[in-house]
Structures are given as C-alpha cells and as structure tokens.
Amino acid sequence: MDVGFYHLTRTPLEEALPALLGRTLDAGERAVVRCPDAAAVMALDAALWACRDPVWLPHGTAKSSHAARQPIWLTEGEDVPNEARFLFRVDGAGSDEFASFTRVFDLFDGGNPQSVQRARQRWVAMKSSGHNLVYWKQEERGWKKAG
C-alpha cells in the first residue's frame with residue numbers, strides 16, 4: 001500500500017485538503033478524514049462547506065445522517081461507514097491499521113515542530129512495516145515529490 005506524507009509548509013490544512021479531496025472524488029473514490037479530536041472535525045467540517053475550490057465537497061460527520069452515502073467522512077474515530085478506500089490522516093490521527101485502504105495520506109503541519117517530529121516517527125515505523133512511502137512537500141503551486 002502507498003502512504004504519502006504531505007508536509008504542509010505554505011497553507012493550513014483547511015486550505016490544502018480540499019484540493020486533495022476534490023481529486024479523490026474526481027478519481028471516483030471515497031475518503032475518510034481522521035482528525036485528532038471532535039474540535040478538529042467541527043473546524044474541518046466548516047472549512048469544507050466554505051471552500052471555493054473545488055466549489056462543493058459533499059461530506060458528513062457523526063452529526064449528519066446517511067453516513068454510508070457520504071463521499072467524504074470526517075471522524076475522530078476509526079469508523080469507515082462509507083466504505084472509503086482513501087484515508088486522510090490529520091497529524092497521524094487514528095491507528096496505524098490500514099488494511100482496508102488502498103491509499104493513505106498523512107498530512108502534517110510543517111510550522112509545528114512537534115507535528116514534524118511525530119511525522120518523522122510515523123515515517124520510520126511505517127517504513128519498517130514495509131509500506132511504500134512517498135514524501136510530498138507543499139510548493140508555491142501544488143506539491144512536489146521529494147522522496
């Protein structure tokens with residue numbers, strides 16, 4: 001399985017994630033976004049409804065209905081009610097159990113030294129577990145594969 005580490009250096013998560021989720025939906029995939037806590041779920045929920053590009057990102061949370069029909073599911077837990085194959089981890093949220101996913105996106109804040117250190121630790125652990133790892137660094141426009 002492929003695990004991509006996305007080093008946010010230019011914009012916050014609320015601005016960077018919508019483009020990645022838009023590409024996920026364009027590819028015909030569903031996504032689960034695991035957040036570190038309920039406050040992060042609420043903040044991301046509001047940000048996705050307010051984003052302008054892409055214009056609309058249909059998504060739900062535990063406070064929504066029809067969980068199985070949601071193309072994007074925001075959670076602080078391990079639930080995957082929409083049968084998503086793409087997992088987006090915010091700062092390593094959730095367990096390292098990825099068996100049901102085909103791609104994992106690990107997004108971390110490059111402006112936070114603790115977040116960067118935790119990402120390095122996750123990289124080492126996942127590499128030793130045999131995952132295919134790719135490092136992406138945020139550039140002025142988009143992402144650059146750096147490792």
# chains A, B, ... in the order shown; residues from 1 in each chain; ligands from 1
>>> residues_around(residues="segment 84-100 of chain A", least_positions_apart="3", cutoff="7 Å", atoms="only C-alpha atoms", output="ChimeraX atom specification")
/A:29-36,77-78,80,103-108,115
>>> residues_around(residues="Ala46 of chain A", least_positions_apart="3", cutoff="12 Å", atoms="only C-alpha atoms", output="ChimeraX atom specification")
/A:14-15,18,39-43,49-51,57-61,74
>>> closest_residue(among="A:Leu20, A:Ala67, A:Met1, A:His7", to="Lys145 of chain A", atoms="only C-alpha atoms")
A:His7
>>> closest_residue(among="A:Ala19, A:Pro113, A:Arg141, A:Asp26", to="Pro71 of chain A", atoms="only C-alpha atoms")
A:Asp26
>>> select_by_dssp(residues="segment 34-116 of chain A", states="alpha helix (DSSP H)", output="PDB file with C-alpha atoms, in the first residue's frame")
ATOM      1  CA  ALA A  38     -14.009  16.493  17.847  1.00  0.00           C
ATOM      2  CA  ALA A  39     -12.965  20.156  17.648  1.00  0.00           C
ATOM      3  CA  ALA A  40     -10.825  19.396  14.579  1.00  0.00           C
ATOM      4  CA  VAL A  41     -13.756  17.554  12.961  1.00  0.00           C
ATOM      5  CA  MET A  42     -16.015  20.567  13.527  1.00  0.00           C
ATOM      6  CA  ALA A  43     -13.423  23.027  12.192  1.00  0.00           C
ATOM      7  CA  LEU A  44     -12.757  20.932   9.096  1.00  0.00           C
ATOM      8  CA  ASP A  45     -16.486  20.426   8.511  1.00  0.00           C
ATOM      9  CA  ALA A  46     -16.994  24.211   8.477  1.00  0.00           C
ATOM     10  CA  ALA A  47     -13.943  24.740   6.256  1.00  0.00           C
ATOM     11  CA  LEU A  48     -15.105  22.194   3.667  1.00  0.00           C
ATOM     12  CA  TRP A  49     -18.548  23.806   3.424  1.00  0.00           C
ATOM     13  CA  ALA A  50     -16.910  27.228   2.979  1.00  0.00           C
ATOM     14  CA  PRO A 113       7.998  21.253  15.308  1.00  0.00           C
ATOM     15  CA  GLN A 114       6.117  18.621  17.350  1.00  0.00           C
ATOM     16  CA  SER A 115       3.953  17.734  14.349  1.00  0.00           C
ATOM     17  CA  VAL A 116       7.061  17.367  12.168  1.00  0.00           C
TER      18      VAL A 116
END
>>> atom_distance(atom1="atom CA of Lys144 of chain A", atom2="atom CA of Arg10 of chain A")
12.4 Å
>>> select_by_dssp(residues="segment 76-111 of chain A", states="strand (DSSP E)", output="ChimeraX atom specification")
/A:86-90,103-109
>>> closest_residue(among="A:Gln138, A:Ala16, A:Ile72, A:Tyr6", to="Arg120 of chain A", atoms="only C-alpha atoms")
A:Tyr6
>>> closest_residue(among="A:Val3, A:Ala146, A:Leu13, A:Ala68", to="Arg122 of chain A", atoms="only C-alpha atoms")
A:Val3
>>> atom_distance(atom1="atom CA of Val55 of chain A", atom2="atom CA of Gly28 of chain A")
16.9 Å
>>> closest_residue(among="A:Thr75, A:Gln121, A:Thr102, A:Gly110", to="Trp136 of chain A", atoms="only C-alpha atoms")
A:Gly110
>>> atom_distance(atom1="atom CA of Phe5 of chain A", atom2="atom CA of Tyr135 of chain A")
4.8 Å
